[in-house]
file entry30.csv (CSV, C-alpha atoms)
chain,number,residue,atom,x,y,z
H,2,SER,CA,-192.4,-50.6,-10.1
H,3,MET,CA,-189.6,-52.5,-11.9
H,4,LEU,CA,-187.7,-52.6,-8.6
H,5,ALA,CA,-190.7,-54.0,-6.7
H,6,GLN,CA,-191.1,-56.7,-9.4
H,7,ARG,CA,-187.5,-57.8,-8.8
H,8,LEU,CA,-187.9,-58.1,-5.0
H,9,PRO,CA,-189.2,-61.7,-4.9
H,10,SER,CA,-185.9,-63.0,-6.5
H,11,ILE,CA,-183.7,-60.8,-4.2
H,12,LEU,CA,-185.2,-61.1,-0.8
H,13,PRO,CA,-184.4,-64.3,1.2
H,14,PRO,CA,-187.4,-66.5,2.3
H,15,MET,CA,-188.5,-67.3,5.8
H,16,ASP,CA,-186.5,-64.6,7.4
H,17,PRO,CA,-188.2,-61.2,7.2
H,18,ARG,CA,-185.9,-58.1,7.3
H,19,VAL,CA,-186.7,-54.8,9.0
H,20,GLN,CA,-189.7,-55.1,11.3
H,21,ARG,CA,-192.4,-52.6,12.2
H,22,SER,CA,-193.8,-52.2,15.7
H,23,ASN,CA,-196.6,-49.7,16.6
H,24,GLY,CA,-195.9,-47.9,13.3
H,25,ARG,CA,-192.1,-47.6,14.1
H,26,THR,CA,-189.3,-49.3,12.1
H,27,VAL,CA,-187.3,-51.7,14.3
H,28,LEU,CA,-183.9,-52.9,13.2
H,29,SER,CA,-182.1,-56.1,14.2
H,30,ALA,CA,-178.5,-57.2,14.3
H,31,SER,CA,-179.0,-58.9,10.9
H,32,ASP,CA,-180.2,-55.6,9.4
H,33,ILE,CA,-177.1,-53.8,10.6
H,34,VAL,CA,-174.7,-56.5,9.3
H,35,ARG,CA,-176.5,-56.7,5.9
H,36,HIS,CA,-176.3,-52.9,5.6
H,37,LEU,CA,-172.6,-53.0,6.0
H,38,GLY,CA,-172.4,-55.7,3.2
H,39,CYS,CA,-174.8,-53.8,0.8
H,40,GLU,CA,-176.5,-50.5,1.5
H,41,HIS,CA,-178.8,-51.2,-1.5
H,42,LEU,CA,-180.2,-54.2,0.3
H,43,THR,CA,-181.4,-52.0,3.1
H,44,SER,CA,-183.3,-49.9,0.5
H,45,LEU,CA,-184.9,-53.1,-0.9
H,46,ASN,CA,-185.9,-54.3,2.6
H,47,LEU,CA,-187.5,-51.0,3.4
H,48,LEU,CA,-189.4,-51.1,0.1
H,49,HIS,CA,-190.5,-54.7,0.9
H,50,LEU,CA,-191.7,-53.4,4.3
H,51,ALA,CA,-193.8,-50.7,2.6
H,52,GLU,CA,-195.0,-53.0,-0.2
H,53,PRO,CA,-194.7,-56.7,0.8
H,54,GLN,CA,-193.9,-58.9,-2.1
H,55,PRO,CA,-194.2,-62.7,-2.5
H,56,GLY,CA,-191.4,-64.8,-1.0
H,57,ALA,CA,-188.5,-66.0,-3.1
H,58,ALA,CA,-187.9,-69.6,-4.0
H,59,VAL,CA,-186.5,-71.6,-1.0
H,60,ASP,CA,-182.7,-71.8,-0.9
H,61,GLU,CA,-182.1,-75.4,0.2
H,62,GLN,CA,-178.4,-74.9,0.9
H,63,ALA,CA,-179.3,-71.9,3.2
H,64,LEU,CA,-181.9,-74.0,5.0
H,65,LEU,CA,-179.4,-76.8,5.5
H,66,LEU,CA,-176.8,-74.4,7.0
H,67,ALA,CA,-179.5,-72.9,9.2
H,68,ARG,CA,-180.5,-76.3,10.5
H,69,LYS,CA,-176.9,-77.2,11.2
H,70,GLY,CA,-176.4,-73.9,13.0
H,71,ASP,CA,-179.5,-74.6,15.1
H,72,ASP,CA,-178.2,-78.1,15.9
H,73,TRP,CA,-174.9,-76.7,17.1
H,74,GLU,CA,-176.7,-74.1,19.2
H,75,ARG,CA,-178.8,-76.7,20.8
H,76,GLN,CA,-175.8,-79.0,21.4
H,77,TYR,CA,-174.1,-76.2,23.2
H,78,LEU,CA,-177.3,-75.3,25.1
H,79,GLY,CA,-177.5,-78.9,26.3
H,80,ARG,CA,-173.9,-78.8,27.6
H,81,LEU,CA,-174.6,-75.5,29.5
H,82,ARG,CA,-177.8,-76.9,31.0
H,83,THR,CA,-175.8,-79.8,32.5
H,84,GLU,CA,-173.1,-77.5,33.9
H,85,HIS,CA,-175.5,-74.7,35.0
H,86,PRO,CA,-178.9,-75.9,36.1
H,87,ASP,CA,-180.1,-72.4,36.8
H,88,LEU,CA,-179.9,-71.5,33.0
H,89,VAL,CA,-183.0,-69.7,31.9
H,90,GLU,CA,-184.4,-70.1,28.3
H,91,ILE,CA,-186.6,-67.2,27.0
H,92,GLU,CA,-189.4,-68.7,24.9
H,93,ARG,CA,-189.4,-67.9,21.2
H,94,ASP,CA,-193.1,-68.0,20.7
H,95,VAL,CA,-194.1,-65.3,23.3
H,96,ASP,CA,-194.6,-61.7,22.2
H,97,THR,CA,-191.7,-59.2,22.2
H,98,ALA,CA,-192.8,-57.4,25.4
H,99,ALA,CA,-193.1,-60.7,27.3
H,100,ALA,CA,-189.7,-61.9,26.1
H,101,ILE,CA,-188.0,-58.6,27.1
H,102,GLU,CA,-189.7,-58.7,30.5
H,103,ALA,CA,-188.6,-62.4,31.1
H,104,THR,CA,-185.1,-61.5,30.1
H,105,GLN,CA,-184.9,-58.6,32.5
H,106,ALA,CA,-186.4,-60.7,35.3
H,107,ALA,CA,-183.7,-63.4,34.8
H,108,MET,CA,-181.0,-60.8,34.8
H,109,ALA,CA,-182.3,-59.2,38.0
H,110,ARG,CA,-182.2,-62.7,39.6
H,111,GLY,CA,-178.6,-63.1,38.6
H,112,VAL,CA,-178.9,-66.5,36.8
H,113,SER,CA,-175.7,-67.8,35.4
H,114,HIS,CA,-176.8,-68.0,31.7
H,115,ILE,CA,-179.8,-66.8,29.7
H,116,PHE,CA,-180.6,-68.4,26.3
H,117,GLN,CA,-182.3,-66.4,23.6
H,118,ALA,CA,-182.1,-63.2,25.6
H,119,ALA,CA,-184.5,-60.5,24.3
H,120,LEU,CA,-182.8,-57.0,24.3
H,121,THR,CA,-184.1,-53.7,23.1
H,122,ALA,CA,-183.4,-50.0,22.7
H,123,PRO,CA,-185.7,-47.5,20.9
H,124,GLY,CA,-185.9,-48.6,17.3
H,125,PHE,CA,-183.8,-51.7,17.8
H,126,PHE,CA,-184.4,-55.3,19.0
H,127,GLY,CA,-182.2,-58.4,19.2
H,128,ARG,CA,-182.2,-61.9,20.5
H,129,ALA,CA,-178.7,-62.9,21.8
H,130,ASP,CA,-177.9,-66.6,21.7
H,131,PHE,CA,-176.6,-66.5,25.3
H,132,LEU,CA,-175.9,-64.1,28.1
H,133,ARG,CA,-173.3,-65.2,30.6
H,134,ARG,CA,-173.0,-63.7,34.1
H,135,VAL,CA,-169.6,-62.4,35.1
H,136,PRO,CA,-168.2,-60.5,38.2
H,137,GLY,CA,-168.3,-56.7,38.1
H,138,PRO,CA,-170.7,-54.0,39.3
H,139,SER,CA,-173.7,-52.9,37.3
H,140,ALA,CA,-177.2,-51.7,37.9
H,141,LEU,CA,-178.0,-55.3,38.7
H,142,GLY,CA,-175.6,-55.6,41.6
H,143,ASP,CA,-172.1,-56.9,41.9
H,144,PHE,CA,-172.4,-58.8,38.6
H,145,HIS,CA,-173.2,-58.1,35.0
H,146,TYR,CA,-173.6,-60.1,31.7
H,147,GLU,CA,-171.6,-60.6,28.5
H,148,VAL,CA,-172.8,-61.9,25.2
H,149,LEU,CA,-171.9,-65.3,23.9
H,150,ASP,CA,-173.0,-66.4,20.4
H,151,THR,CA,-172.6,-69.8,18.6
H,152,LYS,CA,-171.4,-70.0,15.1
H,153,LEU,CA,-170.6,-72.9,12.7
H,154,ALA,CA,-167.6,-71.2,11.3
H,155,ARG,CA,-164.1,-72.3,12.4
H,156,ARG,CA,-162.8,-68.7,12.7
H,157,PRO,CA,-164.5,-65.4,13.6
H,158,LYS,CA,-165.7,-63.1,10.8
H,159,ALA,CA,-166.2,-59.4,10.8
H,160,SER,CA,-169.9,-59.8,10.6
H,161,HIS,CA,-169.9,-61.9,13.8
H,162,VAL,CA,-168.1,-59.2,15.7
H,163,ILE,CA,-170.5,-56.5,14.5
H,164,GLN,CA,-173.4,-58.7,15.5
H,165,LEU,CA,-171.9,-59.1,19.0
H,166,CYS,CA,-171.4,-55.4,19.2
H,167,PHE,CA,-175.1,-54.9,18.5
H,168,TYR,CA,-176.1,-57.2,21.3
H,169,SER,CA,-173.5,-55.8,23.7
H,170,TRP,CA,-174.8,-52.3,23.1
H,171,LEU,CA,-178.4,-53.4,23.8
H,172,LEU,CA,-177.1,-55.3,26.9
H,173,GLU,CA,-175.4,-52.1,28.1
H,174,GLU,CA,-178.8,-50.4,27.9
H,175,ALA,CA,-180.3,-53.1,30.0
H,176,GLN,CA,-177.7,-53.4,32.8
H,177,GLY,CA,-176.3,-49.9,33.0
H,178,VAL,CA,-172.7,-50.9,32.2
H,179,ALA,CA,-170.9,-51.9,29.0
H,180,PRO,CA,-169.7,-55.5,28.9
H,181,ARG,CA,-166.0,-55.8,28.8
H,182,PHE,CA,-165.8,-58.8,26.6
H,183,MET,CA,-168.0,-60.6,24.0
H,184,HIS,CA,-167.6,-64.2,22.9
H,185,ILE,CA,-168.1,-66.6,20.0
H,186,VAL,CA,-168.3,-70.3,20.4
H,187,LEU,CA,-167.0,-71.5,17.1
H,188,GLY,CA,-167.9,-74.7,15.2
H,189,ASP,CA,-164.9,-76.6,16.5
H,190,GLY,CA,-165.9,-75.8,20.1
H,191,SER,CA,-163.2,-73.2,20.7
H,192,LEU,CA,-164.0,-69.8,22.3
H,193,SER,CA,-163.1,-66.6,20.5
H,194,THR,CA,-163.2,-63.6,22.9
H,195,HIS,CA,-163.1,-59.9,21.8
H,196,ARG,CA,-163.0,-56.6,23.8
H,197,TYR,CA,-166.2,-54.7,23.1
H,198,ALA,CA,-164.3,-51.4,23.5
H,199,ASP,CA,-162.0,-52.3,20.6
H,200,TYR,CA,-164.9,-52.2,18.2
H,201,SER,CA,-167.7,-50.2,19.8
H,202,ARG,CA,-166.7,-46.8,18.2
H,203,TYR,CA,-166.8,-48.3,14.7
H,204,PHE,CA,-170.0,-50.0,15.5
H,205,HIS,CA,-171.7,-46.8,16.7
H,206,ARG,CA,-170.5,-44.9,13.7

call {"tool": "encode", "arguments": {"input": "entry30.csv", "output": "C-alpha cells"}}
result
Amino acid sequence: SMLAQRLPSILPPMDPRVQRSNGRTVLSASDIVRHLGCEHLTSLNLLHLAEPQPGAAVDEQALLLARKGDDWERQYLGRLRTEHPDLVEIERDVDTAAAIEATQAAMARGVSHIFQAALTAPGFFGRADFLRRVPGPSALGDFHYEVLDTKLARRPKASHVIQLCFYSWLLEEAQGVAPRFMHIVLGDGSLSTHRYADYSRYFHR
C-alpha cells in the first residue's frame, strides 16, 4: 500500500516500536509517550509490526544524543556503585523472562538500587533506568521501591513524567503498593522529584 511504502522514511532506525511476544502485542513506555505525541504514529508502528519494512536512513544527530544519554546514565551508575556496593545490574542481553525474574529476586532481597530493572504487566513491558529502595511497607517487607530515570535535559518534560508513571505503575504491580514518588536525574546532576498520585489518573486514562 502507499502507506506501507512510506514507512521506511517515517520509522526511526535501530529502535523497534511495539513488540510482539507469544502472539500478543506488548507495549513499552516509549510507545505510550509517542502515542500521546501522535496517535497516527501508533497506527504506523502497528502496521510495521504486521508488515515489517526496511529501516530508515540513520539519523546521526539522534545517534549522538543517544550516546550522550548512555554516557550520562553510565556516569551516574558509576557514582551509585561507589556509594551503594549492593547495587544490582540486570543484564540487557538475557531474555525477557530471565530479566524479570532477576529483577524480582533483587527486589525480594531488598538491595538498595537496581539498574535496568525489568518490569511487566499483561501486554506491557518496561526497563526502568533505576529502582531505589525506600522505607515503607509493601509485599516485599518494610520497604518498597521508587523509579529513578536519568535524562540529559536540564528541566523535566511532560514525556519524562509519563514515562515515569508507566514504570511506577508496573512497579506497583510488582511490589503490591504504589510508589509515592518518582525521580529524574537531570543533565546538570539535579534531582527532580514528582508525586506519582499527582499524575497517575491522567496516565491511566

call {"tool": "residues_around", "arguments": {"input": "entry30.csv", "residues": "Thr104 in chain H", "least_positions_apart": "4", "cutoff": "7 Å", "atoms": "all atoms listed in the file", "output": "mmCIF file with C-alpha atoms, keeping the file's coordinate frame"}}
result
data_model
loop_
_atom_site.group_PDB
_atom_site.id
_atom_site.type_symbol
_atom_site.label_atom_id
_atom_site.label_comp_id
_atom_site.auth_asym_id
_atom_site.auth_seq_id
_atom_site.Cartn_x
_atom_site.Cartn_y
_atom_site.Cartn_z
ATOM 1 C CA ILE H 91 -186.600 -67.200 27.000
ATOM 2 C CA ALA H 100 -189.700 -61.900 26.100
ATOM 3 C CA MET H 108 -181.000 -60.800 34.800
ATOM 4 C CA ALA H 118 -182.100 -63.200 25.600
ATOM 5 C CA ALA H 119 -184.500 -60.500 24.300
#

call {"tool": "atom_distance", "arguments": {"input": "entry30.csv", "atom1": "CA of His114 in chain H", "atom2": "CA of Arg82 in chain H"}}
result
9.0 Å

call {"tool": "closest_residue", "arguments": {"input": "entry30.csv", "among": "H:Ile101, H:Phe125, H:Ser169, H:Tyr146", "to": "Asp32 in chain H", "atoms": "all atoms listed in the file"}}
result
H:Phe125

call {"tool": "atom_distance", "arguments": {"input": "entry30.csv", "atom1": "CA of Arg110 in chain H", "atom2": "CA of Tyr77 in chain H"}}
result
22.7 Å

call {"tool": "atom_distance", "arguments": {"input": "entry30.csv", "atom1": "CA of Ser160 in chain H", "atom2": "CA of Glu92 in chain H"}}
result
25.8 Å

call {"tool": "closest_residue", "arguments": {"input": "entry30.csv", "among": "H:Glu147, H:Glu173, H:Asp87, H:Asp130", "to": "His195 in chain H", "atoms": "all atoms listed in the file"}}
result
H:Glu147

call {"tool": "closest_residue", "arguments": {"input": "entry30.csv", "among": "H:Val112, H:Phe131, H:Leu153, H:Ala159", "to": "Gly38 in chain H", "atoms": "only C-alpha atoms"}}
result
H:Ala159

call {"tool": "residues_around", "arguments": {"input": "entry30.csv", "residues": "Arg181 in chain H", "least_positions_apart": "2", "cutoff": "7 Å", "atoms": "all atoms listed in the file", "output": "CSV table (one decimal) with C-alpha atoms, keeping the file's coordinate frame"}}
result
chain,number,residue,atom,x,y,z
H,179,ALA,CA,-170.9,-51.9,29.0
H,196,ARG,CA,-163.0,-56.6,23.8
H,197,TYR,CA,-166.2,-54.7,23.1

call {"tool": "residues_around", "arguments": {"input": "entry30.csv", "residues": "Gly124 in chain H", "least_positions_apart": "3", "cutoff": "7 Å", "atoms": "only C-alpha atoms", "output": "VMD selection string"}}
result
chain H and resid 26 to 28

call {"tool": "residues_around", "arguments": {"input": "entry30.csv", "residues": "Gly142 in chain H", "least_positions_apart": "4", "cutoff": "9 Å", "atoms": "all atoms listed in the file", "output": "number ranges by chain"}}
result
H: 109, 111, 137-138

call {"tool": "build_atoms", "arguments": {"input": "entry30.csv", "residues": "range 71-95 of chain H", "atoms": "N, CA, C and O atoms", "output": "compact mmCIF listing (two decimals), in the frame of the given file"}}
result
# COMPACT_ATOMS: atom_id res chain seq x y z
N ASP H 71 -178.60 -74.35 14.00
CA ASP H 71 -179.50 -74.60 15.10
C ASP H 71 -179.11 -75.82 15.91
O ASP H 71 -179.20 -75.84 17.14
N ASP H 72 -178.66 -76.85 15.21
CA ASP H 72 -178.20 -78.10 15.90
C ASP H 72 -177.02 -77.80 16.79
O ASP H 72 -176.95 -78.29 17.92
N TRP H 73 -176.07 -77.01 16.29
CA TRP H 73 -174.90 -76.70 17.10
C TRP H 73 -175.26 -75.83 18.27
O TRP H 73 -174.76 -76.05 19.37
N GLU H 74 -176.18 -74.90 18.09
CA GLU H 74 -176.70 -74.10 19.20
C GLU H 74 -177.30 -74.93 20.26
O GLU H 74 -177.04 -74.75 21.46
N ARG H 75 -178.16 -75.87 19.85
CA ARG H 75 -178.80 -76.70 20.80
C ARG H 75 -177.87 -77.68 21.51
O ARG H 75 -178.04 -77.99 22.69
N GLN H 76 -176.86 -78.12 20.80
CA GLN H 76 -175.80 -79.00 21.40
C GLN H 76 -175.11 -78.22 22.51
O GLN H 76 -174.89 -78.75 23.61
N TYR H 77 -174.74 -76.99 22.22
CA TYR H 77 -174.10 -76.20 23.20
C TYR H 77 -175.00 -75.86 24.39
O TYR H 77 -174.60 -75.87 25.56
N LEU H 78 -176.28 -75.60 24.07
CA LEU H 78 -177.30 -75.30 25.10
C LEU H 78 -177.37 -76.54 26.06
O LEU H 78 -177.44 -76.37 27.28
N GLY H 79 -177.39 -77.75 25.50
CA GLY H 79 -177.50 -78.90 26.30
C GLY H 79 -176.29 -79.05 27.28
O GLY H 79 -176.44 -79.43 28.46
N ARG H 80 -175.09 -78.72 26.78
CA ARG H 80 -173.90 -78.80 27.60
C ARG H 80 -174.01 -77.74 28.77
O ARG H 80 -173.71 -78.06 29.93
N LEU H 81 -174.46 -76.53 28.44
CA LEU H 81 -174.60 -75.50 29.50
C LEU H 81 -175.65 -75.89 30.51
O LEU H 81 -175.47 -75.63 31.71
N ARG H 82 -176.73 -76.49 30.06
CA ARG H 82 -177.80 -76.90 31.00
C ARG H 82 -177.25 -77.91 32.02
O ARG H 82 -177.63 -77.89 33.19
N THR H 83 -176.38 -78.81 31.56
CA THR H 83 -175.80 -79.80 32.50
C THR H 83 -174.87 -79.13 33.48
O THR H 83 -174.89 -79.48 34.67
N GLU H 84 -174.10 -78.16 33.03
CA GLU H 84 -173.10 -77.50 33.90
C GLU H 84 -173.75 -76.40 34.75
O GLU H 84 -173.23 -76.07 35.82
N HIS H 85 -174.85 -75.81 34.27
CA HIS H 85 -175.50 -74.70 35.00
C HIS H 85 -176.99 -74.89 35.01
O HIS H 85 -177.74 -74.39 34.16
N PRO H 86 -177.47 -75.61 36.02
CA PRO H 86 -178.90 -75.90 36.10
C PRO H 86 -179.82 -74.71 36.23
O PRO H 86 -181.02 -74.82 35.97
N ASP H 87 -179.26 -73.56 36.62
CA ASP H 87 -180.10 -72.40 36.80
C ASP H 87 -180.29 -71.62 35.44
O ASP H 87 -180.91 -70.56 35.41
N LEU H 88 -179.74 -72.15 34.34
CA LEU H 88 -179.90 -71.50 33.00
C LEU H 88 -181.37 -71.25 32.73
O LEU H 88 -182.22 -72.12 32.96
N VAL H 89 -181.66 -70.08 32.21
CA VAL H 89 -183.00 -69.70 31.90
C VAL H 89 -183.15 -69.59 30.35
O VAL H 89 -182.32 -68.94 29.71
N GLU H 90 -184.17 -70.23 29.77
CA GLU H 90 -184.40 -70.10 28.30
C GLU H 90 -185.65 -69.20 28.14
O GLU H 90 -186.71 -69.43 28.72
N ILE H 91 -185.47 -68.16 27.33
CA ILE H 91 -186.60 -67.20 27.00
C ILE H 91 -187.32 -67.82 25.82
O ILE H 91 -186.73 -68.07 24.77
N GLU H 92 -188.59 -68.03 25.97
CA GLU H 92 -189.40 -68.70 24.90
C GLU H 92 -189.38 -67.83 23.64
O GLU H 92 -189.40 -66.60 23.68
N ARG H 93 -189.36 -68.53 22.52
CA ARG H 93 -189.40 -67.90 21.20
C ARG H 93 -190.76 -67.44 20.79
O ARG H 93 -190.92 -66.49 20.02
N ASP H 94 -191.76 -68.16 21.27
CA ASP H 94 -193.10 -68.00 20.70
C ASP H 94 -193.93 -66.92 21.51
O ASP H 94 -195.09 -66.69 21.18
N VAL H 95 -193.35 -66.30 22.54
CA VAL H 95 -194.10 -65.30 23.30
C VAL H 95 -193.90 -63.93 22.53
O VAL H 95 -193.00 -63.77 21.70
